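Engineer: Following this line is protein-v8.tsv, made up of TSV, N, CA and C atoms:
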```tsv
chain	number	residue	atom	x	y	z
A	1	MET	N	-50.12	-2.25	17.09
A	1	MET	CA	-48.82	-2.81	17.47
A	1	MET	C	-48.11	-3.46	16.28
A	2	ARG	N	-48.90	-4.06	15.39
A	2	ARG	CA	-48.31	-4.71	14.23
A	2	ARG	C	-47.65	-3.68	13.32
A	3	ARG	N	-48.28	-2.50	13.21
A	3	ARG	CA	-47.74	-1.43	12.39
A	3	ARG	C	-46.39	-0.95	12.92
A	4	ILE	N	-46.31	-0.82	14.24
A	4	ILE	CA	-45.06	-0.36	14.85
A	4	ILE	C	-43.96	-1.39	14.66
A	5	SER	N	-44.28	-2.66	14.85
A	5	SER	CA	-43.25	-3.70	14.67
A	5	SER	C	-42.80	-3.76	13.21
A	6	HIS	N	-43.72	-3.54	12.29
A	6	HIS	CA	-43.36	-3.51	10.87
A	6	HIS	C	-42.43	-2.32	10.59
A	7	SER	N	-42.73	-1.16	11.16
A	7	SER	CA	-41.88	0.02	10.99
A	7	SER	C	-40.50	-0.21	11.61
A	8	LEU	N	-40.46	-0.82	12.77
A	8	LEU	CA	-39.18	-1.13	13.42
A	8	LEU	C	-38.35	-2.08	12.56
A	9	PHE	N	-39.00	-3.09	12.00
A	9	PHE	CA	-38.31	-4.05	11.15
A	9	PHE	C	-37.74	-3.35	9.91
A	10	LEU	N	-38.55	-2.51	9.26
A	10	LEU	CA	-38.05	-1.78	8.08
A	10	LEU	C	-36.90	-0.86	8.45
A	11	GLY	N	-37.01	-0.16	9.58
A	11	GLY	CA	-35.93	0.72	10.02
A	11	GLY	C	-34.64	-0.05	10.25
A	12	LEU	N	-34.75	-1.22	10.86
A	12	LEU	CA	-33.58	-2.06	11.12
A	12	LEU	C	-32.95	-2.53	9.82
A	13	ILE	N	-33.77	-3.01	8.90
A	13	ILE	CA	-33.26	-3.49	7.60
A	13	ILE	C	-32.57	-2.37	6.83
A	14	PHE	N	-33.19	-1.20	6.77
A	14	PHE	CA	-32.59	-0.10	6.02
A	14	PHE	C	-31.33	0.42	6.72
A	15	CYS	N	-31.29	0.43	8.03
A	15	CYS	CA	-30.09	0.87	8.75
A	15	CYS	C	-28.92	-0.07	8.46
A	16	ILE	N	-29.17	-1.37	8.58
A	16	ILE	CA	-28.10	-2.35	8.33
A	16	ILE	C	-27.70	-2.34	6.85
A	17	GLY	N	-28.68	-2.30	5.96
A	17	GLY	CA	-28.37	-2.29	4.53
A	17	GLY	C	-27.57	-1.06	4.12
A	18	GLN	N	-27.98	0.09	4.63
A	18	GLN	CA	-27.26	1.33	4.31
A	18	GLN	C	-25.85	1.29	4.87
A	19	SER	N	-25.70	0.84	6.10
A	19	SER	CA	-24.37	0.80	6.73
A	19	SER	C	-23.45	-0.17	6.01
A	20	PHE	N	-23.97	-1.34	5.69
A	20	PHE	CA	-23.16	-2.36	5.00
A	20	PHE	C	-22.75	-1.86	3.62
A	21	GLY	N	-23.73	-1.40	2.84
A	21	GLY	CA	-23.44	-0.93	1.48
A	21	GLY	C	-22.48	0.24	1.46
A	22	GLU	N	-22.71	1.20	2.36
A	22	GLU	CA	-21.85	2.38	2.40
A	22	GLU	C	-20.41	2.00	2.72
A	23	SER	N	-20.23	1.13	3.69
A	23	SER	CA	-18.86	0.78	4.09
A	23	SER	C	-18.14	-0.02	3.00
A	24	ILE	N	-18.83	-0.97	2.37
A	24	ILE	CA	-18.19	-1.79	1.33
A	24	ILE	C	-17.92	-0.97	0.07
A	25	ILE	N	-18.93	-0.25	-0.42
A	25	ILE	CA	-18.74	0.55	-1.63
A	25	ILE	C	-17.72	1.67	-1.38
A	26	GLY	N	-17.81	2.31	-0.21
A	26	GLY	CA	-16.84	3.35	0.14
A	26	GLY	C	-15.42	2.81	0.19
A	27	PHE	N	-15.26	1.60	0.73
A	27	PHE	CA	-13.94	0.97	0.79
A	27	PHE	C	-13.40	0.73	-0.62
A	28	PHE	N	-14.23	0.17	-1.51
A	28	PHE	CA	-13.75	-0.12	-2.85
A	28	PHE	C	-13.44	1.16	-3.63
A	29	ILE	N	-14.24	2.18	-3.48
A	29	ILE	CA	-13.96	3.45	-4.16
A	29	ILE	C	-12.67	4.06	-3.62
A	30	THR	N	-12.47	4.00	-2.32
A	30	THR	CA	-11.24	4.52	-1.72
A	30	THR	C	-10.02	3.78	-2.26
A	31	ASN	N	-10.12	2.46	-2.36
A	31	ASN	CA	-8.99	1.68	-2.88
A	31	ASN	C	-8.71	1.95	-4.35
A	32	VAL	N	-9.76	2.09	-5.15
A	32	VAL	CA	-9.57	2.36	-6.57
A	32	VAL	C	-8.92	3.72	-6.76
A	33	ARG	N	-9.35	4.69	-6.00
A	33	ARG	CA	-8.79	6.04	-6.09
A	33	ARG	C	-7.45	6.17	-5.38
A	34	ARG	N	-7.11	5.19	-4.57
A	34	ARG	CA	-5.90	5.22	-3.73
A	34	ARG	C	-5.86	6.50	-2.89
A	35	ALA	N	-7.03	6.82	-2.34
A	35	ALA	CA	-7.17	8.07	-1.60
A	35	ALA	C	-6.80	7.92	-0.13
A	36	SER	N	-6.71	6.68	0.35
A	36	SER	CA	-6.42	6.47	1.76
A	36	SER	C	-5.80	5.08	1.93
A	37	ASP	N	-5.21	4.87	3.09
A	37	ASP	CA	-4.62	3.56	3.39
A	37	ASP	C	-5.59	2.70	4.20
A	38	MET	N	-6.85	2.90	4.02
A	38	MET	CA	-7.88	2.17	4.76
A	38	MET	C	-7.85	0.68	4.42
A	39	THR	N	-8.05	-0.15	5.42
A	39	THR	CA	-8.11	-1.58	5.22
A	39	THR	C	-9.55	-2.05	5.22
A	40	PHE	N	-9.76	-3.29	4.78
A	40	PHE	CA	-11.10	-3.85	4.78
A	40	PHE	C	-11.64	-3.98	6.21
A	41	GLU	N	-10.75	-4.30	7.14
A	41	GLU	CA	-11.16	-4.39	8.55
A	41	GLU	C	-11.63	-3.03	9.06
A	42	GLY	N	-10.98	-1.97	8.60
A	42	GLY	CA	-11.40	-0.62	8.97
A	42	GLY	C	-12.78	-0.30	8.43
A	43	ALA	N	-13.07	-0.76	7.21
A	43	ALA	CA	-14.39	-0.54	6.62
A	43	ALA	C	-15.46	-1.29	7.40
A	44	ILE	N	-15.15	-2.52	7.81
A	44	ILE	CA	-16.11	-3.30	8.60
A	44	ILE	C	-16.31	-2.65	9.97
A	45	MET	N	-15.25	-2.15	10.55
A	45	MET	CA	-15.36	-1.45	11.84
A	45	MET	C	-16.23	-0.20	11.68
A	46	PHE	N	-16.05	0.52	10.57
A	46	PHE	CA	-16.89	1.69	10.29
A	46	PHE	C	-18.36	1.27	10.19
A	47	MET	N	-18.61	0.12	9.55
A	47	MET	CA	-19.99	-0.36	9.42
A	47	MET	C	-20.62	-0.57	10.79
A	48	TRP	N	-19.90	-1.23	11.70
A	48	TRP	CA	-20.45	-1.50	13.04
A	48	TRP	C	-20.65	-0.22	13.83
A	49	ILE	N	-19.71	0.71	13.69
A	49	ILE	CA	-19.85	1.99	14.38
A	49	ILE	C	-21.04	2.76	13.82
A	50	ARG	N	-21.20	2.72	12.49
A	50	ARG	CA	-22.32	3.42	11.86
A	50	ARG	C	-23.65	2.82	12.31
A	51	ILE	N	-23.73	1.50	12.37
A	51	ILE	CA	-24.96	0.86	12.85
A	51	ILE	C	-25.25	1.28	14.28
A	52	ALA	N	-24.23	1.24	15.13
A	52	ALA	CA	-24.44	1.59	16.55
A	52	ALA	C	-24.88	3.05	16.71
A	53	MET	N	-24.35	3.93	15.87
A	53	MET	CA	-24.68	5.35	15.99
A	53	MET	C	-26.01	5.73	15.33
A	54	THR	N	-26.47	4.92	14.37
A	54	THR	CA	-27.66	5.32	13.61
A	54	THR	C	-28.88	4.43	13.83
A	55	ILE	N	-28.77	3.38	14.59
A	55	ILE	CA	-29.90	2.47	14.76
A	55	ILE	C	-31.09	3.17	15.42
A	56	ILE	N	-30.85	3.94	16.46
A	56	ILE	CA	-31.95	4.62	17.16
A	56	ILE	C	-32.60	5.69	16.25
A	57	PRO	N	-31.81	6.55	15.56
A	57	PRO	CA	-32.46	7.50	14.65
A	57	PRO	C	-33.28	6.82	13.54
A	58	TYR	N	-32.77	5.72	12.98
A	58	TYR	CA	-33.51	5.01	11.94
A	58	TYR	C	-34.83	4.46	12.49
A	59	LEU	N	-34.75	3.75	13.61
A	59	LEU	CA	-35.96	3.15	14.18
A	59	LEU	C	-36.97	4.22	14.56
A	60	THR	N	-36.51	5.27	15.21
A	60	THR	CA	-37.40	6.35	15.64
A	60	THR	C	-38.05	7.03	14.44
A	61	THR	N	-37.27	7.35	13.44
A	61	THR	CA	-37.80	8.04	12.26
A	61	THR	C	-38.82	7.18	11.54
A	62	PHE	N	-38.53	5.89	11.36
A	62	PHE	CA	-39.47	5.02	10.66
A	62	PHE	C	-40.79	4.90	11.41
A	63	VAL	N	-40.74	4.78	12.73
A	63	VAL	CA	-41.97	4.67	13.52
A	63	VAL	C	-42.75	5.98	13.50
A	64	VAL	N	-42.07	7.10	13.72
A	64	VAL	CA	-42.74	8.41	13.76
A	64	VAL	C	-43.38	8.73	12.41
A	65	VAL	N	-42.65	8.53	11.33
A	65	VAL	CA	-43.20	8.82	10.00
A	65	VAL	C	-44.39	7.92	9.71
A	66	ASP	N	-44.30	6.65	10.09
A	66	ASP	CA	-45.40	5.73	9.85
A	66	ASP	C	-46.64	6.11	10.66
A	67	LEU	N	-46.45	6.55	11.89
A	67	LEU	CA	-47.59	6.91	12.74
A	67	LEU	C	-48.19	8.26	12.39
A	68	LEU	N	-47.37	9.20	11.93
A	68	LEU	CA	-47.86	10.55	11.68
A	68	LEU	C	-48.40	10.79	10.27
A	69	THR	N	-48.02	9.96	9.34
A	69	THR	CA	-48.47	10.20	7.96
A	69	THR	C	-49.52	9.18	7.58
A	70	LYS	N	-50.55	9.69	6.94
A	70	LYS	CA	-51.60	8.80	6.43
A	70	LYS	C	-51.16	8.17	5.11
A	71	ALA	N	-50.47	8.96	4.30
A	71	ALA	CA	-49.98	8.45	3.03
A	71	ALA	C	-48.79	7.55	3.28
A	72	LYS	N	-48.75	6.47	2.57
A	72	LYS	CA	-47.64	5.53	2.74
A	72	LYS	C	-46.43	6.01	1.96
A	73	LEU	N	-45.40	6.40	2.67
A	73	LEU	CA	-44.14	6.79	2.04
A	73	LEU	C	-43.30	5.55	1.84
A	74	ARG	N	-42.58	5.54	0.77
A	74	ARG	CA	-41.66	4.42	0.56
A	74	ARG	C	-40.56	4.48	1.60
A	75	PRO	N	-40.23	3.35	2.19
A	75	PRO	CA	-39.16	3.35	3.20
A	75	PRO	C	-37.83	3.81	2.64
A	76	SER	N	-37.61	3.59	1.36
A	76	SER	CA	-36.33	4.00	0.76
A	76	SER	C	-36.22	5.53	0.70
A	77	PHE	N	-37.34	6.24	0.55
A	77	PHE	CA	-37.30	7.71	0.58
A	77	PHE	C	-36.98	8.21	1.99
A	78	ILE	N	-37.58	7.57	2.98
A	78	ILE	CA	-37.29	7.93	4.37
A	78	ILE	C	-35.81	7.70	4.65
A	79	SER	N	-35.32	6.55	4.21
A	79	SER	CA	-33.92	6.20	4.43
A	79	SER	C	-32.98	7.17	3.72
A	80	LEU	N	-33.32	7.57	2.50
A	80	LEU	CA	-32.48	8.52	1.76
A	80	LEU	C	-32.39	9.85	2.48
A	81	GLY	N	-33.53	10.38	2.92
A	81	GLY	CA	-33.51	11.65	3.64
A	81	GLY	C	-32.72	11.58	4.93
A	82	LEU	N	-32.92	10.51	5.67
A	82	LEU	CA	-32.19	10.31	6.92
A	82	LEU	C	-30.70	10.12	6.65
A	83	ASN	N	-30.38	9.43	5.57
A	83	ASN	CA	-28.98	9.18	5.22
A	83	ASN	C	-28.24	10.48	4.90
A	84	VAL	N	-28.88	11.41	4.22
A	84	VAL	CA	-28.23	12.68	3.90
A	84	VAL	C	-27.91	13.43	5.19
A	85	ILE	N	-28.84	13.44	6.14
A	85	ILE	CA	-28.60	14.09	7.43
A	85	ILE	C	-27.45	13.42	8.16
A	86	ILE	N	-27.42	12.09	8.15
A	86	ILE	CA	-26.35	11.34	8.83
A	86	ILE	C	-25.00	11.60	8.16
A	87	LEU	N	-24.98	11.67	6.83
A	87	LEU	CA	-23.72	11.97	6.12
A	87	LEU	C	-23.16	13.33	6.52
A	88	ILE	N	-24.03	14.31	6.59
A	88	ILE	CA	-23.59	15.65	6.99
A	88	ILE	C	-23.06	15.62	8.42
A	89	TYR	N	-23.75	14.91	9.29
A	89	TYR	CA	-23.31	14.79	10.68
A	89	TYR	C	-21.96	14.08	10.76
A	90	PHE	N	-21.82	12.95	10.06
A	90	PHE	CA	-20.55	12.20	10.09
A	90	PHE	C	-19.39	13.03	9.55
A	91	TYR	N	-19.66	13.83	8.53
A	91	TYR	CA	-18.62	14.69	7.97
A	91	TYR	C	-18.20	15.75	8.99
A	92	ASN	N	-19.17	16.38	9.64
A	92	ASN	CA	-18.87	17.44	10.61
A	92	ASN	C	-18.17	16.90	11.85
A	93	VAL	N	-18.47	15.66	12.24
A	93	VAL	CA	-17.83	15.08	13.41
A	93	VAL	C	-16.45	14.52	13.07
A	94	GLY	N	-16.20	14.27	11.79
A	94	GLY	CA	-14.89	13.77	11.38
A	94	GLY	C	-14.83	12.26	11.24
A	95	LEU	N	-15.97	11.59	11.22
A	95	LEU	CA	-15.97	10.14	11.11
A	95	LEU	C	-15.56	9.68	9.72
A	96	ILE	N	-15.79	10.49	8.71
A	96	ILE	CA	-15.37	10.13	7.34
A	96	ILE	C	-14.32	11.12	6.83
A	97	HIS	N	-13.46	11.57	7.73
A	97	HIS	CA	-12.50	12.61	7.37
A	97	HIS	C	-11.36	12.13	6.48
A	98	LYS	N	-11.04	10.83	6.48
A	98	LYS	CA	-9.93	10.36	5.64
A	98	LYS	C	-10.24	10.49	4.16
A	99	ASP	N	-11.44	10.11	3.78
A	99	ASP	CA	-11.84	10.21	2.38
A	99	ASP	C	-13.34	10.44	2.30
A	100	PRO	N	-13.78	11.66	2.57
A	100	PRO	CA	-15.22	11.92	2.59
A	100	PRO	C	-15.90	11.74	1.22
A	101	ALA	N	-15.18	12.00	0.14
A	101	ALA	CA	-15.79	11.87	-1.18
A	101	ALA	C	-16.16	10.42	-1.47
A	102	SER	N	-15.26	9.49	-1.18
A	102	SER	CA	-15.53	8.08	-1.46
A	102	SER	C	-16.70	7.56	-0.65
A	103	PHE	N	-16.73	7.92	0.63
A	103	PHE	CA	-17.81	7.40	1.47
A	103	PHE	C	-19.13	8.11	1.18
A	104	SER	N	-19.08	9.36	0.76
A	104	SER	CA	-20.32	10.04	0.36
A	104	SER	C	-20.87	9.42	-0.92
A	105	ILE	N	-20.00	9.16	-1.88
A	105	ILE	CA	-20.42	8.50	-3.12
A	105	ILE	C	-20.95	7.10	-2.81
A	106	GLY	N	-20.23	6.36	-1.97
A	106	GLY	CA	-20.69	5.02	-1.57
A	106	GLY	C	-22.03	5.05	-0.87
A	107	SER	N	-22.23	6.05	-0.04
A	107	SER	CA	-23.49	6.19	0.69
A	107	SER	C	-24.64	6.51	-0.25
A	108	LEU	N	-24.42	7.45	-1.16
A	108	LEU	CA	-25.48	7.82	-2.09
A	108	LEU	C	-25.78	6.70	-3.09
A	109	LEU	N	-24.75	5.97	-3.52
A	109	LEU	CA	-24.97	4.81	-4.39
A	109	LEU	C	-25.79	3.75	-3.67
A	110	THR	N	-25.48	3.52	-2.40
A	110	THR	CA	-26.25	2.55	-1.62
A	110	THR	C	-27.70	3.00	-1.51
A	111	SER	N	-27.93	4.28	-1.27
A	111	SER	CA	-29.30	4.79	-1.20
A	111	SER	C	-30.03	4.59	-2.52
A	112	LEU	N	-29.35	4.84	-3.64
A	112	LEU	CA	-29.98	4.62	-4.95
A	112	LEU	C	-30.29	3.15	-5.18
A	113	ILE	N	-29.40	2.27	-4.77
A	113	ILE	CA	-29.65	0.83	-4.90
A	113	ILE	C	-30.85	0.43	-4.05
A	114	LEU	N	-30.93	0.96	-2.83
A	114	LEU	CA	-32.09	0.66	-1.98
A	114	LEU	C	-33.38	1.22	-2.57
A	115	LEU	N	-33.31	2.39	-3.22
A	115	LEU	CA	-34.48	2.94	-3.91
A	115	LEU	C	-34.95	2.02	-5.03
A	116	MET	N	-34.00	1.51	-5.82
A	116	MET	CA	-34.36	0.61	-6.92
A	116	MET	C	-34.93	-0.70	-6.40
A	117	ILE	N	-34.34	-1.25	-5.35
A	117	ILE	CA	-34.85	-2.50	-4.77
A	117	ILE	C	-36.26	-2.28	-4.24
A	118	ASP	N	-36.47	-1.17	-3.55
A	118	ASP	CA	-37.80	-0.87	-3.01
A	118	ASP	C	-38.82	-0.70	-4.13
A	119	LYS	N	-38.44	-0.01	-5.19
A	119	LYS	CA	-39.35	0.20	-6.32
A	119	LYS	C	-39.70	-1.13	-6.98
A	120	GLN	N	-38.71	-1.97	-7.22
A	120	GLN	CA	-38.95	-3.26	-7.87
A	120	GLN	C	-39.82	-4.17	-7.01
A	121	SER	N	-39.58	-4.17	-5.71
A	121	SER	CA	-40.37	-5.05	-4.84
A	121	SER	C	-41.81	-4.59	-4.78
A	122	ARG	N	-42.05	-3.29	-4.80
A	122	ARG	CA	-43.42	-2.77	-4.80
A	122	ARG	C	-44.12	-3.05	-6.13
A	123	ILE	N	-43.40	-2.92	-7.22
A	123	ILE	CA	-43.99	-3.21	-8.53
A	123	ILE	C	-44.41	-4.68	-8.59
A	124	ARG	N	-43.52	-5.57	-8.15
A	124	ARG	CA	-43.86	-7.00	-8.17
A	124	ARG	C	-45.03	-7.31	-7.25
A	125	ARG	N	-45.05	-6.68	-6.07
A	125	ARG	CA	-46.12	-6.93	-5.10
A	125	ARG	C	-47.47	-6.50	-5.67
A	126	TYR	N	-47.54	-5.32	-6.29
A	126	TYR	CA	-48.82	-4.84	-6.82
A	126	TYR	C	-49.21	-5.53	-8.12
A	127	SER	N	-48.24	-5.94	-8.91
A	127	SER	CA	-48.58	-6.61	-10.15
A	127	SER	C	-49.15	-8.00	-9.88
A	128	LYS	N	-48.76	-8.63	-8.78
A	128	LYS	CA	-49.35	-9.92	-8.41
A	128	LYS	C	-50.81	-9.75	-8.02
A	129	LYS	N	-51.14	-8.62	-7.42
A	129	LYS	CA	-52.52	-8.36	-7.00
A	129	LYS	C	-53.37	-7.92	-8.20
A	130	GLY	N	-52.74	-7.53	-9.29
A	130	GLY	CA	-53.49	-7.11	-10.46
A	130	GLY	C	-53.72	-5.62	-10.54
A	131	THR	N	-53.17	-4.86	-9.61
A	131	THR	CA	-53.32	-3.40	-9.64
A	131	THR	C	-51.95	-2.77	-9.55
A	132	MET	N	-51.82	-1.65	-10.17
A	132	MET	CA	-50.57	-0.90	-10.09
A	132	MET	C	-50.85	0.41	-9.38
A	133	VAL	N	-50.03	0.74	-8.39
A	133	VAL	CA	-50.20	1.99	-7.64
A	133	VAL	C	-48.99	2.83	-7.85
```
Please express the file's structure as structure tokens.
Structural biologist:
Amino acid sequence: MRRISHSLFLGLIFCIGQSFGESIIGFFITNVRRASDMTFEGAIMFMWIRIAMTIIPYLTTFVVVDLLTKAKLRPSFISLGLNVIILIYFYNVGLIHKDPASFSIGSLLTSLILLMIDKQSRIRRYSKKGTMV
């Protein structure tokens, strides 16, 4: 049960982090490029809609991957793979139709930031124990 709750917690954190980062970075890239008349409130609304639409897939994927794989995958890799699928879905449904390039770049940048944070936290965690994995 502890493993499942840990997976649920990681799924929730990565879903919220990805949604927040994607909406903020996408908003700033859109404004710099002057590609759309999107407002900051629209970006925040997109964040809440993205969280509502992706929370169940994130939680389910994190739990299933954790239960089915013996090898410990980094949560950031799971999140990156899931994020690419979600980006394709959002593009096909038209959720990012105003400026898909900015939000795709924002989404991938957020995934890369989450990868770096995950890598750094694991390095610090293992270096405290005296072993590097």
Engineer: What is the distance between atom CA of Thr110 of chain A and atom C of Ile24 of chain A, in Å to one decimal?
Structural biologist: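 Taking atom CA of Thr110 of chain A and atom C of Ile24 of chain A, their separation equals 9.2 Å.
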Engineer: Any idea what's packed within 8 Å of Ile55 of chain A, counting all atoms listed in the file, ignoring anything in its chain fewer than 6 positions away? Could you give it as a PyMOL selection string?
Structural biologist: chain A and resi 11-12+15-16+49+61
Engineer: Could you check which of A:Phe103, A:Phe20, A:Tyr91, A:Phe62 is closest to Ser7 of chain A, using all atoms listed in the file?
Structural biologist: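 Using all atoms listed in the file, the shortest distance to Ser7 of chain A belongs to A:Phe62.
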Engineer: Apply DSSP to the structure's backbone, then extract all residues of segment 26-83 of chain A labelled alpha helix (DSSP H) and return them as number ranges by chain.
Structural biologist: A: 26-33, 40-68, 75-83
Engineer: Return the single residue from A:Phe28, A:Phe46, A:Phe40, A:Phe14 that is closest to Ile96 of chain A, with distances computed using only C-alpha atoms.
Structural biologist: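 Looking only at the distances to Ile96 of chain A, the closest residue turns out to be A:Phe46.
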Engineer: So what do you get for atom N of Ser19 of chain A versus atom CA of Leu95 of chain A, distance-wise?
Structural biologist: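 Going from atom N of Ser19 of chain A over to atom CA of Leu95 of chain A covers 14.4 Å.
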Engineer: What does the distance from atom CA of Leu8 of chain A to atom C of Leu59 of chain A come to in Å, to one decimal?
Structural biologist: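 Atom C of Leu59 of chain A lies 5.9 Å from atom CA of Leu8 of chain A.
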Engineer: Can you tell me which residues surround Phe77 of chain A at a distance of at most 8 Å, considering all atoms listed in the file, apart from same-chain residues fewer than 3 positions away, and format the answer as a list in words?
Structural biologist: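 So the residues in contact are Leu73, Arg74, Leu80, Gly81, Leu82, Asn83, Leu114, Leu115 and Asp118 of chain A.
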Engineer: Show which residues sit within 8 Å of Ser107 of chain A, as a compact mmCIF listing (two decimals) with N, CA and C atoms, in the coordinates of the input. Count only C-alpha atoms, and ignore same-chain residues fewer than 3 positions away.
Structural biologist:
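And here is the file that came out, out.txt:
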```
# COMPACT_ATOMS: atom_id res chain seq x y z
N GLN A 18 -27.98 0.09 4.63
CA GLN A 18 -27.26 1.33 4.31
C GLN A 18 -25.85 1.29 4.87
N GLY A 21 -23.73 -1.40 2.84
CA GLY A 21 -23.44 -0.93 1.48
C GLY A 21 -22.48 0.24 1.46
N GLU A 22 -22.71 1.20 2.36
CA GLU A 22 -21.85 2.38 2.40
C GLU A 22 -20.41 2.00 2.72
N SER A 23 -20.23 1.13 3.69
CA SER A 23 -18.86 0.78 4.09
C SER A 23 -18.14 -0.02 3.00
N ILE A 25 -18.93 -0.25 -0.42
CA ILE A 25 -18.74 0.55 -1.63
C ILE A 25 -17.72 1.67 -1.38
N GLY A 26 -17.81 2.31 -0.21
CA GLY A 26 -16.84 3.35 0.14
C GLY A 26 -15.42 2.81 0.19
N ASN A 83 -30.38 9.43 5.57
CA ASN A 83 -28.98 9.18 5.22
C ASN A 83 -28.24 10.48 4.90
N LEU A 87 -24.98 11.67 6.83
CA LEU A 87 -23.72 11.97 6.12
C LEU A 87 -23.16 13.33 6.52
N PHE A 103 -16.73 7.92 0.63
CA PHE A 103 -17.81 7.40 1.47
C PHE A 103 -19.13 8.11 1.18
N SER A 104 -19.08 9.36 0.76
CA SER A 104 -20.32 10.04 0.36
C SER A 104 -20.87 9.42 -0.92
N THR A 110 -25.48 3.52 -2.40
CA THR A 110 -26.25 2.55 -1.62
C THR A 110 -27.70 3.00 -1.51
N SER A 111 -27.93 4.28 -1.27
CA SER A 111 -29.30 4.79 -1.20
C SER A 111 -30.03 4.59 -2.52
```
Engineer: Taking into account only C-alpha atoms, which residue in the set A:Arg34, A:Gly106, A:Ile86, A:Arg3 is nearest to Lys72 of chain A?
Structural biologist: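 Nearest candidate to Lys72 of chain A out of A:Arg34, A:Gly106, A:Ile86, A:Arg3: A:Arg3.
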Engineer: As a PDB file, in the coordinates of the input, please: segment 7-20 of chain A completed to N, CA, C and O atoms.
Structural biologist:
```pdb
ATOM      1  N   SER A   7     -42.730  -1.160  11.160  1.00  0.00           N
ATOM      2  CA  SER A   7     -41.880   0.020  10.990  1.00  0.00           C
ATOM      3  C   SER A   7     -40.500  -0.210  11.610  1.00  0.00           C
ATOM      4  O   SER A   7     -39.483   0.183  11.029  1.00  0.00           O
ATOM      5  N   LEU A   8     -40.460  -0.820  12.770  1.00  0.00           N
ATOM      6  CA  LEU A   8     -39.180  -1.130  13.420  1.00  0.00           C
ATOM      7  C   LEU A   8     -38.350  -2.080  12.560  1.00  0.00           C
ATOM      8  O   LEU A   8     -37.138  -1.905  12.415  1.00  0.00           O
ATOM      9  N   PHE A   9     -39.000  -3.090  12.000  1.00  0.00           N
ATOM     10  CA  PHE A   9     -38.310  -4.050  11.150  1.00  0.00           C
ATOM     11  C   PHE A   9     -37.740  -3.350   9.910  1.00  0.00           C
ATOM     12  O   PHE A   9     -36.572  -3.569   9.556  1.00  0.00           O
ATOM     13  N   LEU A  10     -38.550  -2.510   9.260  1.00  0.00           N
ATOM     14  CA  LEU A  10     -38.050  -1.780   8.080  1.00  0.00           C
ATOM     15  C   LEU A  10     -36.900  -0.860   8.450  1.00  0.00           C
ATOM     16  O   LEU A  10     -35.913  -0.761   7.710  1.00  0.00           O
ATOM     17  N   GLY A  11     -37.010  -0.160   9.580  1.00  0.00           N
ATOM     18  CA  GLY A  11     -35.930   0.720  10.020  1.00  0.00           C
ATOM     19  C   GLY A  11     -34.640  -0.050  10.250  1.00  0.00           C
ATOM     20  O   GLY A  11     -33.554   0.395   9.866  1.00  0.00           O
ATOM     21  N   LEU A  12     -34.750  -1.220  10.860  1.00  0.00           N
ATOM     22  CA  LEU A  12     -33.580  -2.060  11.120  1.00  0.00           C
ATOM     23  C   LEU A  12     -32.950  -2.530   9.820  1.00  0.00           C
ATOM     24  O   LEU A  12     -31.732  -2.452   9.635  1.00  0.00           O
ATOM     25  N   ILE A  13     -33.770  -3.010   8.900  1.00  0.00           N
ATOM     26  CA  ILE A  13     -33.260  -3.490   7.600  1.00  0.00           C
ATOM     27  C   ILE A  13     -32.570  -2.370   6.830  1.00  0.00           C
ATOM     28  O   ILE A  13     -31.475  -2.558   6.294  1.00  0.00           O
ATOM     29  N   PHE A  14     -33.190  -1.200   6.770  1.00  0.00           N
ATOM     30  CA  PHE A  14     -32.590  -0.100   6.020  1.00  0.00           C
ATOM     31  C   PHE A  14     -31.330   0.420   6.720  1.00  0.00           C
ATOM     32  O   PHE A  14     -30.382   0.819   6.047  1.00  0.00           O
ATOM     33  N   CYS A  15     -31.290   0.430   8.030  1.00  0.00           N
ATOM     34  CA  CYS A  15     -30.090   0.870   8.750  1.00  0.00           C
ATOM     35  C   CYS A  15     -28.920  -0.070   8.460  1.00  0.00           C
ATOM     36  O   CYS A  15     -27.822   0.369   8.125  1.00  0.00           O
ATOM     37  N   ILE A  16     -29.170  -1.370   8.580  1.00  0.00           N
ATOM     38  CA  ILE A  16     -28.100  -2.350   8.330  1.00  0.00           C
ATOM     39  C   ILE A  16     -27.700  -2.340   6.850  1.00  0.00           C
ATOM     40  O   ILE A  16     -26.506  -2.359   6.530  1.00  0.00           O
ATOM     41  N   GLY A  17     -28.680  -2.300   5.960  1.00  0.00           N
ATOM     42  CA  GLY A  17     -28.370  -2.290   4.530  1.00  0.00           C
ATOM     43  C   GLY A  17     -27.570  -1.060   4.120  1.00  0.00           C
ATOM     44  O   GLY A  17     -26.596  -1.160   3.377  1.00  0.00           O
ATOM     45  N   GLN A  18     -27.980   0.090   4.630  1.00  0.00           N
ATOM     46  CA  GLN A  18     -27.260   1.330   4.310  1.00  0.00           C
ATOM     47  C   GLN A  18     -25.850   1.290   4.870  1.00  0.00           C
ATOM     48  O   GLN A  18     -24.893   1.650   4.190  1.00  0.00           O
ATOM     49  N   SER A  19     -25.700   0.840   6.100  1.00  0.00           N
ATOM     50  CA  SER A  19     -24.370   0.800   6.730  1.00  0.00           C
ATOM     51  C   SER A  19     -23.450  -0.170   6.010  1.00  0.00           C
ATOM     52  O   SER A  19     -22.283   0.139   5.744  1.00  0.00           O
ATOM     53  N   PHE A  20     -23.970  -1.340   5.690  1.00  0.00           N
ATOM     54  CA  PHE A  20     -23.160  -2.360   5.000  1.00  0.00           C
ATOM     55  C   PHE A  20     -22.750  -1.860   3.620  1.00  0.00           C
ATOM     56  O   PHE A  20     -21.578  -1.901   3.251  1.00  0.00           O
TER      57      PHE A  20
END
```
